[in-house]
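Peer 1: Compact mmCIF, C-alpha atoms and all ligand atoms, file coords33.txt:
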```
# COMPACT_ATOMS: atom_id res chain seq x y z
CA MET P 1 25.84 -23.47 -28.72
CA GLY P 2 26.93 -19.81 -28.77
CA GLU P 3 25.37 -17.36 -26.29
CA ALA P 4 23.30 -15.73 -29.07
CA ASN P 5 21.74 -19.05 -30.06
CA ARG P 6 20.76 -20.08 -26.57
CA VAL P 7 17.16 -20.03 -25.38
CA ASN P 8 16.52 -17.21 -22.90
CA PHE P 9 15.47 -18.97 -19.70
CA TYR P 10 13.30 -16.07 -18.47
CA GLY P 11 11.07 -16.36 -21.53
CA LEU P 12 9.77 -19.82 -20.56
CA SER P 13 6.84 -20.70 -18.33
CA LEU P 14 7.19 -23.73 -16.05
CA LEU P 15 4.98 -25.71 -18.42
CA GLU P 16 7.11 -24.76 -21.42
CA LEU P 17 10.27 -25.75 -19.58
CA GLU P 18 8.70 -29.10 -18.67
CA GLU P 19 7.84 -29.71 -22.32
CA TYR P 20 11.32 -28.65 -23.40
CA LEU P 21 12.93 -31.10 -20.97
CA LEU P 22 10.61 -33.93 -22.04
CA ARG P 23 11.50 -33.30 -25.70
CA HIS P 24 15.14 -33.76 -24.75
CA ASP P 25 14.56 -36.96 -22.77
CA PHE P 26 14.73 -35.45 -19.30
CA LYS P 27 12.05 -35.87 -16.65
CA LYS P 28 9.61 -32.98 -16.44
CA PHE P 29 9.81 -32.64 -12.64
CA HIS P 30 13.30 -31.19 -13.06
CA ALA P 31 11.67 -28.04 -14.42
CA GLY P 32 10.36 -27.20 -10.94
CA GLN P 33 13.80 -27.78 -9.43
CA ILE P 34 15.42 -25.51 -11.99
CA PHE P 35 12.78 -22.80 -11.42
CA GLU P 36 13.46 -22.92 -7.69
CA TRP P 37 17.21 -22.56 -8.24
CA VAL P 38 16.83 -19.59 -10.54
CA TYR P 39 13.87 -17.69 -9.11
CA GLN P 40 14.07 -18.50 -5.42
CA LYS P 41 17.72 -19.26 -4.69
CA ARG P 42 19.02 -16.84 -7.36
CA MET P 43 21.45 -19.42 -8.68
CA ILE P 44 21.96 -18.94 -12.40
CA ASP P 45 25.00 -21.14 -12.89
CA PRO P 46 23.77 -24.68 -13.68
CA GLU P 47 27.04 -26.10 -12.36
CA HIS P 48 25.87 -25.20 -8.84
CA MET P 49 22.39 -26.75 -9.16
CA THR P 50 23.50 -29.63 -7.00
CA ASN P 51 20.32 -31.74 -7.06
CA LEU P 52 20.52 -32.11 -10.86
CA SER P 53 22.51 -34.76 -12.68
CA LYS P 54 25.78 -33.81 -14.37
CA CYS P 55 24.17 -34.61 -17.70
CA LEU P 56 21.25 -32.22 -17.10
CA ARG P 57 23.55 -29.47 -15.83
CA THR P 58 25.61 -29.72 -19.00
CA PHE P 59 22.44 -29.62 -21.09
CA LEU P 60 21.26 -26.48 -19.28
CA ASN P 61 24.62 -24.84 -19.71
CA ASP P 62 24.68 -25.58 -23.42
CA THR P 63 21.04 -24.74 -24.12
CA PHE P 64 19.92 -21.80 -22.02
CA SER P 65 21.04 -18.26 -21.40
CA PHE P 66 20.52 -17.19 -17.80
CA SER P 67 22.08 -13.73 -18.30
CA LEU P 68 20.37 -10.91 -16.47
CA LEU P 69 19.32 -7.66 -18.12
CA GLU P 70 22.27 -5.33 -18.51
CA ILE P 71 22.20 -2.50 -15.98
CA GLN P 72 23.34 0.75 -17.58
CA THR P 73 22.94 3.13 -14.63
CA ILE P 74 21.20 3.33 -11.25
CA HIS P 75 19.99 6.61 -9.77
CA GLU P 76 19.05 6.74 -6.11
CA SER P 77 16.56 9.19 -4.65
CA GLU P 78 16.69 10.83 -1.22
CA ASP P 79 13.84 8.52 -0.17
CA GLN P 80 15.83 5.40 -1.27
CA THR P 81 13.78 4.94 -4.43
CA LYS P 82 16.08 3.66 -7.18
CA LYS P 83 15.66 4.12 -10.91
CA TYR P 84 17.31 1.45 -13.03
CA LEU P 85 18.22 2.05 -16.65
CA PHE P 86 18.52 -1.23 -18.54
CA LYS P 87 20.04 -1.82 -21.96
CA LEU P 88 18.17 -4.41 -24.01
CA GLU P 89 19.88 -6.75 -26.44
CA ASP P 90 18.88 -4.62 -29.44
CA GLY P 91 20.32 -1.52 -27.79
CA HIS P 92 17.04 0.05 -26.63
CA LEU P 93 16.98 1.46 -23.14
CA ILE P 94 14.19 1.13 -20.61
CA GLU P 95 13.65 2.28 -17.05
CA SER P 96 12.29 0.44 -14.01
CA VAL P 97 11.91 1.70 -10.47
CA LEU P 98 12.48 0.06 -7.09
CA MET P 99 10.44 1.52 -4.24
CA ARG P 100 10.99 0.49 -0.65
CA HIS P 101 7.93 0.45 1.57
CA ASP P 102 7.42 -0.67 5.15
CA TYR P 103 5.34 -3.55 3.74
CA GLY P 104 7.96 -4.74 1.23
CA ASN P 105 9.91 -3.98 -1.92
CA SER P 106 7.99 -2.95 -5.01
CA VAL P 107 9.24 -2.82 -8.60
CA CYS P 108 7.54 -0.65 -11.22
CA VAL P 109 7.89 -2.45 -14.53
CA THR P 110 7.99 -0.98 -18.04
CA SER P 111 5.92 -2.84 -20.63
CA GLN P 112 6.94 -1.27 -23.95
CA VAL P 113 9.78 0.66 -25.55
CA GLY P 114 7.99 4.00 -25.87
CA CYS P 115 4.19 4.39 -25.74
CA ASN P 116 1.54 5.26 -28.32
CA MET P 117 -1.17 6.47 -25.95
CA GLY P 118 -0.07 10.11 -26.08
CA CYS P 119 -1.39 11.18 -22.66
CA ALA P 120 -0.96 14.95 -22.56
CA PHE P 121 0.81 15.09 -19.19
CA CYS P 122 3.12 12.07 -19.40
CA ALA P 123 6.85 12.11 -20.14
CA SER P 124 6.81 8.37 -20.75
CA GLY P 125 4.57 8.87 -23.76
CA LEU P 126 6.74 11.53 -25.41
CA ALA P 127 8.51 8.85 -27.43
CA LYS P 128 6.34 6.75 -29.70
CA LYS P 129 6.18 3.02 -29.20
CA VAL P 130 9.01 1.16 -30.90
CA ARG P 131 8.07 -2.33 -29.79
CA ASN P 132 6.57 -4.43 -27.06
CA LEU P 133 8.79 -5.95 -24.40
CA SER P 134 9.10 -9.72 -24.47
CA LEU P 135 8.32 -11.98 -21.54
CA GLU P 136 12.01 -12.34 -20.72
CA GLU P 137 12.45 -8.56 -20.72
CA LEU P 138 9.47 -8.12 -18.38
CA VAL P 139 10.61 -10.86 -15.98
CA GLY P 140 14.20 -9.70 -16.40
CA GLN P 141 13.46 -6.29 -14.85
CA VAL P 142 12.23 -7.87 -11.62
CA VAL P 143 14.92 -10.56 -11.45
CA ALA P 144 17.78 -8.16 -12.21
CA ILE P 145 16.69 -5.68 -9.52
CA GLY P 146 16.08 -8.40 -6.91
CA THR P 147 19.47 -9.96 -7.64
CA ASN P 148 21.39 -6.69 -7.75
CA GLU P 149 19.88 -5.50 -4.48
CA GLN P 150 19.89 -8.96 -2.86
CA ILE P 151 16.27 -8.44 -1.82
CA ARG P 152 13.01 -10.25 -2.25
CA VAL P 153 10.69 -8.28 -4.53
CA SER P 154 7.31 -8.63 -2.85
CA HIS P 155 5.20 -6.33 -5.04
CA VAL P 156 5.10 -5.53 -8.75
CA VAL P 157 3.26 -2.67 -10.43
CA VAL P 158 3.09 -2.51 -14.22
CA MET P 159 2.99 1.27 -14.40
CA GLY P 160 6.25 2.17 -16.12
CA THR P 161 6.53 3.27 -19.74
CA GLY P 162 3.96 1.75 -22.08
CA GLU P 163 0.37 0.56 -22.12
CA PRO P 164 0.42 -2.98 -20.66
CA PHE P 165 -2.77 -4.07 -22.42
CA ASP P 166 -1.22 -3.08 -25.76
CA ASN P 167 1.23 -5.90 -24.94
CA TYR P 168 -1.50 -8.13 -23.55
CA GLU P 169 -0.26 -11.67 -24.15
CA ALA P 170 3.20 -11.06 -22.71
CA ILE P 171 1.74 -9.26 -19.68
CA VAL P 172 -0.62 -12.13 -18.87
CA ARG P 173 2.24 -14.63 -19.15
CA PHE P 174 4.45 -12.36 -17.05
CA ILE P 175 1.90 -12.22 -14.25
CA ALA P 176 1.47 -15.99 -14.30
CA LEU P 177 5.21 -16.50 -14.09
CA ILE P 178 5.98 -14.05 -11.28
CA ASN P 179 2.94 -15.33 -9.36
CA HIS P 180 3.83 -19.04 -9.71
CA ASP P 181 4.92 -20.60 -6.43
CA LYS P 182 8.01 -22.03 -8.13
CA GLY P 183 8.62 -18.72 -9.89
CA LEU P 184 8.94 -15.48 -7.93
CA ALA P 185 5.88 -16.40 -5.80
CA ILE P 186 4.52 -12.84 -5.74
CA GLY P 187 0.89 -12.95 -4.61
CA GLN P 188 -1.81 -11.90 -7.09
CA ARG P 189 -2.89 -9.20 -4.68
CA HIS P 190 0.64 -7.82 -4.69
CA ILE P 191 0.66 -7.33 -8.45
CA THR P 192 -1.07 -4.35 -10.07
CA VAL P 193 -1.58 -3.67 -13.77
CA SER P 194 -2.53 -0.17 -14.82
CA THR P 195 -4.24 0.55 -18.13
CA ALA P 196 -5.25 3.73 -19.89
CA GLY P 197 -8.52 1.93 -20.60
CA ILE P 198 -8.35 -0.52 -23.53
CA VAL P 199 -11.88 -1.84 -23.02
CA PRO P 200 -11.74 -5.17 -24.91
CA LYS P 201 -8.58 -6.10 -23.01
CA ILE P 202 -10.14 -5.20 -19.63
CA MET P 203 -12.98 -7.59 -20.52
CA ALA P 204 -10.51 -10.30 -21.60
CA TYR P 205 -8.48 -9.81 -18.43
CA ALA P 206 -11.58 -10.39 -16.32
CA ASN P 207 -11.77 -13.87 -17.85
CA GLU P 208 -8.13 -14.87 -17.23
CA PRO P 209 -7.48 -17.59 -14.66
CA ILE P 210 -4.68 -15.57 -13.07
CA ARG P 211 -5.33 -11.94 -12.31
CA SER P 212 -3.80 -9.06 -10.47
CA ASN P 213 -5.14 -5.86 -9.07
CA LEU P 214 -6.47 -3.67 -11.84
CA ALA P 215 -5.95 0.08 -11.99
CA ILE P 216 -7.49 2.42 -14.55
CA SER P 217 -5.78 5.69 -15.44
CA LEU P 218 -8.87 7.89 -15.41
CA HIS P 219 -7.50 11.40 -14.75
CA ALA P 220 -10.67 13.24 -15.78
CA PRO P 221 -14.33 12.94 -14.74
CA ASN P 222 -15.95 13.82 -18.10
CA ASP P 223 -15.33 12.77 -21.69
CA GLN P 224 -14.52 16.22 -23.02
CA LEU P 225 -11.68 16.75 -20.57
CA ARG P 226 -10.51 13.15 -20.68
CA THR P 227 -10.24 13.20 -24.48
CA ARG P 228 -8.10 16.33 -24.15
CA LEU P 229 -5.82 14.63 -21.62
CA MET P 230 -5.95 11.06 -22.94
CA PRO P 231 -6.65 10.62 -26.68
CA ILE P 232 -7.58 6.96 -26.14
CA ASN P 233 -10.83 8.28 -24.66
CA LYS P 234 -12.08 8.88 -28.23
CA SER P 235 -12.07 5.12 -28.78
CA TYR P 236 -13.07 4.09 -25.26
CA PRO P 237 -15.07 6.78 -23.47
CA ILE P 238 -15.68 6.77 -19.73
CA ARG P 239 -19.04 4.98 -19.96
CA LYS P 240 -17.45 2.06 -21.84
CA ILE P 241 -14.62 1.87 -19.33
CA LEU P 242 -17.03 1.74 -16.41
CA GLU P 243 -19.04 -0.99 -18.13
CA ALA P 244 -15.81 -2.96 -18.51
CA THR P 245 -14.71 -2.43 -14.89
CA ASP P 246 -18.21 -3.40 -13.69
CA TYR P 247 -17.80 -6.60 -15.69
CA TYR P 248 -14.34 -7.10 -14.18
CA PHE P 249 -15.80 -6.73 -10.70
CA SER P 250 -18.67 -9.10 -11.47
CA LYS P 251 -16.18 -11.78 -12.55
CA THR P 252 -13.51 -11.26 -9.91
CA SER P 253 -15.11 -9.52 -6.91
CA ARG P 254 -12.01 -7.34 -6.93
CA ARG P 255 -12.23 -3.65 -6.21
CA VAL P 256 -10.88 -1.57 -9.11
CA THR P 257 -8.55 1.37 -8.50
CA PHE P 258 -9.03 4.56 -10.50
CA GLU P 259 -5.96 6.75 -10.77
CA TYR P 260 -6.44 10.46 -10.93
CA VAL P 261 -3.47 12.78 -11.35
CA LEU P 262 -4.20 16.30 -10.12
CA LEU P 263 -3.45 19.06 -12.62
CA LYS P 264 -3.77 22.56 -11.23
CA GLY P 265 -6.87 24.35 -12.53
CA VAL P 266 -7.52 21.60 -15.09
CA ASN P 267 -9.18 18.68 -13.30
CA ASP P 268 -8.97 19.60 -9.59
CA GLN P 269 -11.98 21.88 -9.07
CA LYS P 270 -15.23 21.39 -7.11
CA GLU P 271 -17.14 20.48 -10.28
CA HIS P 272 -14.59 17.72 -10.97
CA ILE P 273 -14.94 16.32 -7.45
CA ASP P 274 -18.71 16.13 -7.90
CA GLN P 275 -18.50 14.60 -11.38
CA LEU P 276 -15.96 12.01 -10.22
CA ALA P 277 -18.01 11.13 -7.13
CA LYS P 278 -21.05 10.62 -9.37
CA LEU P 279 -19.09 8.23 -11.62
CA MET P 280 -17.83 6.21 -8.66
CA LYS P 281 -21.08 6.14 -6.70
CA GLY P 282 -22.42 2.61 -6.15
CA ARG P 283 -19.24 1.00 -7.49
CA ASN P 284 -16.74 -0.97 -5.44
CA ALA P 285 -14.00 1.41 -6.47
CA TYR P 286 -11.13 3.25 -4.95
CA VAL P 287 -9.70 6.54 -6.19
CA ASN P 288 -5.94 6.94 -5.96
CA VAL P 289 -5.30 10.68 -6.20
CA ILE P 290 -1.80 11.33 -7.48
CA PRO P 291 0.24 14.54 -7.19
CA TYR P 292 1.49 15.67 -10.61
CA ASN P 293 5.22 15.66 -11.25
CA VAL P 294 6.27 18.50 -13.49
CA VAL P 295 7.50 17.53 -16.95
CA LYS P 296 9.41 20.37 -18.56
CA GLU P 297 7.88 19.84 -22.02
CA PHE P 298 4.33 20.44 -20.70
CA ALA P 299 2.62 23.52 -19.24
CA PHE P 300 0.70 21.61 -16.54
CA LEU P 301 1.32 22.50 -12.92
CA PRO P 302 0.77 20.43 -9.79
CA THR P 303 -2.21 21.14 -7.58
CA ASP P 304 -1.07 22.54 -4.24
CA ASN P 305 -1.32 20.34 -1.18
CA ALA P 306 -4.25 22.12 0.43
CA GLN P 307 -6.38 21.78 -2.73
CA ALA P 308 -5.31 18.15 -3.09
CA MET P 309 -6.60 17.47 0.44
CA ILE P 310 -9.85 19.30 -0.37
CA PHE P 311 -10.20 17.08 -3.45
CA VAL P 312 -9.74 13.85 -1.49
CA ASP P 313 -11.98 15.02 1.38
CA GLY P 314 -14.64 16.07 -1.11
CA LEU P 315 -14.72 12.54 -2.54
CA MET P 316 -14.78 10.90 0.88
CA LYS P 317 -17.61 13.14 2.07
CA GLN P 318 -19.63 11.75 -0.83
CA GLY P 319 -18.88 8.17 0.28
CA ILE P 320 -16.09 7.47 -2.20
CA GLN P 321 -12.96 5.69 -0.96
CA ALA P 322 -9.97 7.83 -1.86
CA THR P 323 -6.43 8.58 -0.74
CA LEU P 324 -3.68 10.94 -1.78
CA ARG P 325 -0.69 8.95 -2.95
CA LYS P 326 2.66 9.69 -1.36
CA GLU P 327 5.05 10.19 -4.23
CA GLN P 328 8.46 8.56 -4.29
CA GLY P 329 11.48 9.28 -6.43
CA SER P 330 10.35 12.57 -7.98
CA ASP P 331 13.82 14.06 -7.39
CA ILE P 332 15.33 11.49 -9.79
CA ALA P 333 12.41 11.59 -12.29
CA ALA P 334 11.33 8.12 -11.20
CA ALA P 335 7.82 9.08 -10.12
CA CYS P 336 4.60 8.42 -11.98
CA GLY P 337 4.63 9.70 -15.56
CA GLN P 338 8.29 10.70 -15.41
CA LEU P 339 9.93 7.63 -16.91
CA ARG P 340 11.26 8.04 -20.39
CA ARG P 341 12.47 5.99 -23.25
CA ARG P 342 16.19 6.73 -23.52
CA TRP P 343 17.39 7.27 -27.06
CA ASP P 344 21.12 7.59 -26.68
CA SER P 345 22.59 4.42 -25.30
CA LYS P 346 26.03 5.99 -25.03
CA ASN P 347 24.90 8.87 -22.89
CA PRO P 348 21.55 8.08 -21.35
CA ASP P 349 21.58 11.10 -19.06
CA ASP P 350 21.31 13.40 -22.08
CA CYS P 351 17.61 12.76 -22.26
CA ASP P 352 16.74 14.05 -18.82
S1 LIG P 401 0.31 7.59 -18.87
FE1 LIG P 401 0.83 5.47 -19.44
S2 LIG P 401 -0.45 5.12 -21.27
FE2 LIG P 401 -0.37 7.35 -21.00
S3 LIG P 401 1.37 8.01 -22.31
FE3 LIG P 401 2.14 7.66 -20.20
S4 LIG P 401 2.93 5.55 -20.26
FE4 LIG P 401 1.57 5.78 -22.02
```
Translate this structure into structure tokens?
Peer 2:
Amino acid sequence: MGEANRVNFYGLSLLELEEYLLRHDFKKFHAGQIFEWVYQKRMIDPEHMTNLSKCLRTFLNDTFSFSLLEIQTIHESEDQTKKYLFKLEDGHLIESVLMRHDYGNSVCVTSQVGCNMGCAFCASGLAKKVRNLSLEELVGQVVAIGTNEQIRVSHVVVMGTGEPFDNYEAIVRFIALINHDKGLAIGQRHITVSTAGIVPKIMAYANEPIRSNLAISLHAPNDQLRTRLMPINKSYPIRKILEATDYYFSKTSRRVTFEYVLLKGVNDQKEHIDQLAKLMKGRNAYVNVIPYNVVKEFAFLPTDNAQAMIFVDGLMKQGIQATLRKEQGSDIAAACGQLRRRWDSKNPDDCD
């Protein structure tokens, strides 16, 4: 079978691989062995999977593609954050980010080529959505970075380009696969999915058997301002989002994170602190206050540090749990809201 006709291994769950093996007269328990070779021992050449029969190794070789996502470029920041540019099979380019923390290695995953949400401050949304990423492309970002760096990826955040819940089915399968103990074995509490607030999908996610941390991109404490910053607010206003996150909490007992990017003079004033505190009051919620990274196409400016501290303190004084996020990778445009869809595969740096 030619490479193009092979089944992409990273697009199969353990269950699907078991069924595939059974259909071809192999025992299903081999699926777990193969998963361990690929995801835990990083062995992608079936010839070296020594606990499998020669016959099964030949079958794997002939049937599956284990190729990793193609790395186009890697940019490294002063703080060791790395931005990976991957080329997909159809030529589209996506970015993922590796952040090193004292508690482990975290990969920020992109969920779509482009994004249709149109948030007014976000570089990632400048290019309209072209398509959703497939399961193998989602898993492939984590596996390729872990393999290239020879590290264990301990945390995953789905906060790159795209709205994850606009690619719901693949995201749920992705989380199940990277969480599986024979897959990448990343704990549910070490995986975070961030949504702009697609209410029906938040409700559906609350009912999934496998979940992650949930983060909501809020960014404004009233509907008028939020609709200006995030057009999706017209369809799903703040009240609806809070109803959905309350439901999520009732089903999961998991605290929800609300992300709030500070835009100078826009959403960082005393009135905004008070409005936000009122929204959060009585909820098991946490506000992640994020410094804004300048995007040259937009007129927004970052709030200065002193005002950012006043904002966080103001929330905490009203009993709301909040912290100011330390940004990583802003010097290589790898920070929040700075990832882009790259149009020119021959010269990806042109887009910066
Ligand atoms: S913030 Fe997220 S949802 Fe909004 S445009 Fe950017 S990538 Fe899309």
Peer 1: So, counting all atoms listed in the file, which residue among P:Ala215, P:Gln40, P:Phe59, P:Ile74 is closest to P:Gln150?
Peer 2: P:Gln40
Peer 1: Give the padded box for ligand LIG 401 (chain P) as lines of an AutoDock Vina configuration file: axis-aligned, covering all atoms listed in the file, 6 Å on each side, centre and edge lengths in Å to one decimal.
Peer 2:
```
center_x = 1.2
center_y = 6.6
center_z = -20.6
size_x = 15.4
size_y = 14.9
size_z = 15.4
```
Peer 1: Taking all atoms listed in the file into account, which residues have an atom no farther than 6 Å from ligand LIG 401 (chain P)? I'd like them as JSON, numbers by chain.
Peer 2: {"P": [115, 117, 118, 119, 122, 124, 125, 161, 162, 163, 196, 337]}
Peer 1: Tell me, in Å to one decimal, how far atom CA of P:Glu78 is from atom CA of P:Arg100.
Peer 2: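 Pair atom CA of P:Glu78 / atom CA of P:Arg100 returns 11.8 Å.
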Peer 1: Could you work out how far atom CA of P:Cys108 lies from atom CA of P:Phe249, giving the answer in Å with one decimal?
Peer 2: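 Result for atom CA of P:Phe249 versus atom CA of P:Cys108: 24.1 Å, one decimal.
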Peer 1: What's the 8 Å shell around P:Gln72, counting only C-alpha atoms, without same-chain residues fewer than 4 positions away, as a ChimeraX atom specification?
Peer 2: /P:84-87
Peer 1: Could N, CA and C atoms be built for stretch 93-124 of chain P and written out as a short mmCIF file (atom, residue, chain, number, x, y, z; two decimals), keeping the file's coordinate frame?
Peer 2:
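Output below, filename out08.cif:
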```cif
data_model
loop_
_atom_site.label_atom_id
_atom_site.label_comp_id
_atom_site.auth_asym_id
_atom_site.auth_seq_id
_atom_site.Cartn_x
_atom_site.Cartn_y
_atom_site.Cartn_z
N LEU P 93 16.82 1.25 -24.58
CA LEU P 93 16.98 1.46 -23.14
C LEU P 93 15.62 1.63 -22.50
N ILE P 94 15.46 1.01 -21.35
CA ILE P 94 14.19 1.13 -20.61
C ILE P 94 14.48 1.42 -19.14
N GLU P 95 13.49 1.97 -18.47
CA GLU P 95 13.65 2.28 -17.05
C GLU P 95 12.67 1.47 -16.20
N SER P 96 13.14 1.10 -15.02
CA SER P 96 12.29 0.44 -14.01
C SER P 96 12.63 1.09 -12.68
N VAL P 97 11.70 1.00 -11.74
CA VAL P 97 11.91 1.70 -10.47
C VAL P 97 11.71 0.74 -9.30
N LEU P 98 12.61 0.82 -8.34
CA LEU P 98 12.48 0.06 -7.09
C LEU P 98 12.04 1.02 -5.99
N MET P 99 10.92 0.70 -5.35
CA MET P 99 10.44 1.52 -4.24
C MET P 99 10.43 0.66 -2.98
N ARG P 100 10.97 1.21 -1.92
CA ARG P 100 10.99 0.49 -0.65
C ARG P 100 9.88 1.00 0.23
N HIS P 101 9.04 0.10 0.69
CA HIS P 101 7.93 0.45 1.57
C HIS P 101 8.09 -0.31 2.87
N ASP P 102 7.33 0.11 3.90
CA ASP P 102 7.42 -0.67 5.15
C ASP P 102 6.80 -2.05 4.98
N TYR P 103 5.96 -2.24 3.95
CA TYR P 103 5.34 -3.55 3.74
C TYR P 103 6.11 -4.42 2.75
N GLY P 104 7.19 -3.92 2.17
CA GLY P 104 7.96 -4.74 1.23
C GLY P 104 8.64 -3.92 0.16
N ASN P 105 9.20 -4.63 -0.82
CA ASN P 105 9.91 -3.98 -1.92
C ASN P 105 9.09 -4.10 -3.20
N SER P 106 8.86 -2.97 -3.83
CA SER P 106 7.99 -2.95 -5.01
C SER P 106 8.78 -2.51 -6.24
N VAL P 107 8.58 -3.21 -7.34
CA VAL P 107 9.24 -2.82 -8.60
C VAL P 107 8.18 -2.36 -9.58
N CYS P 108 8.41 -1.18 -10.15
CA CYS P 108 7.54 -0.65 -11.22
C CYS P 108 8.15 -1.05 -12.55
N VAL P 109 7.40 -1.81 -13.31
CA VAL P 109 7.89 -2.45 -14.53
C VAL P 109 7.43 -1.68 -15.77
N THR P 110 8.32 -1.57 -16.74
CA THR P 110 7.99 -0.98 -18.04
C THR P 110 7.52 -2.07 -18.98
N SER P 111 6.48 -1.78 -19.78
CA SER P 111 5.92 -2.84 -20.63
C SER P 111 6.22 -2.69 -22.12
N GLN P 112 6.64 -1.48 -22.54
CA GLN P 112 6.94 -1.27 -23.95
C GLN P 112 8.13 -0.32 -24.09
N VAL P 113 8.80 -0.38 -25.22
CA VAL P 113 9.78 0.66 -25.55
C VAL P 113 8.99 1.80 -26.17
N GLY P 114 8.84 2.90 -25.42
CA GLY P 114 7.99 4.00 -25.87
C GLY P 114 6.52 3.69 -25.60
N CYS P 115 5.63 4.61 -25.98
CA CYS P 115 4.19 4.39 -25.74
C CYS P 115 3.39 5.20 -26.76
N ASN P 116 2.35 4.59 -27.29
CA ASN P 116 1.54 5.26 -28.32
C ASN P 116 0.30 5.96 -27.79
N MET P 117 0.09 5.96 -26.48
CA MET P 117 -1.17 6.47 -25.95
C MET P 117 -1.25 8.00 -25.96
N GLY P 118 -0.11 8.66 -25.92
CA GLY P 118 -0.07 10.11 -26.08
C GLY P 118 -0.77 10.91 -25.00
N CYS P 119 -0.76 10.43 -23.76
CA CYS P 119 -1.39 11.18 -22.66
C CYS P 119 -0.67 12.54 -22.53
N ALA P 120 -1.48 13.58 -22.39
CA ALA P 120 -0.96 14.95 -22.56
C ALA P 120 -0.01 15.39 -21.46
N PHE P 121 0.03 14.66 -20.36
CA PHE P 121 0.81 15.09 -19.19
C PHE P 121 2.00 14.17 -18.92
N CYS P 122 2.24 13.17 -19.76
CA CYS P 122 3.12 12.07 -19.40
C CYS P 122 4.43 12.07 -20.19
N ALA P 123 5.53 12.13 -19.48
CA ALA P 123 6.85 12.11 -20.14
C ALA P 123 7.10 10.77 -20.81
N SER P 124 6.55 9.71 -20.21
CA SER P 124 6.81 8.37 -20.75
C SER P 124 6.24 8.21 -22.15
#
```
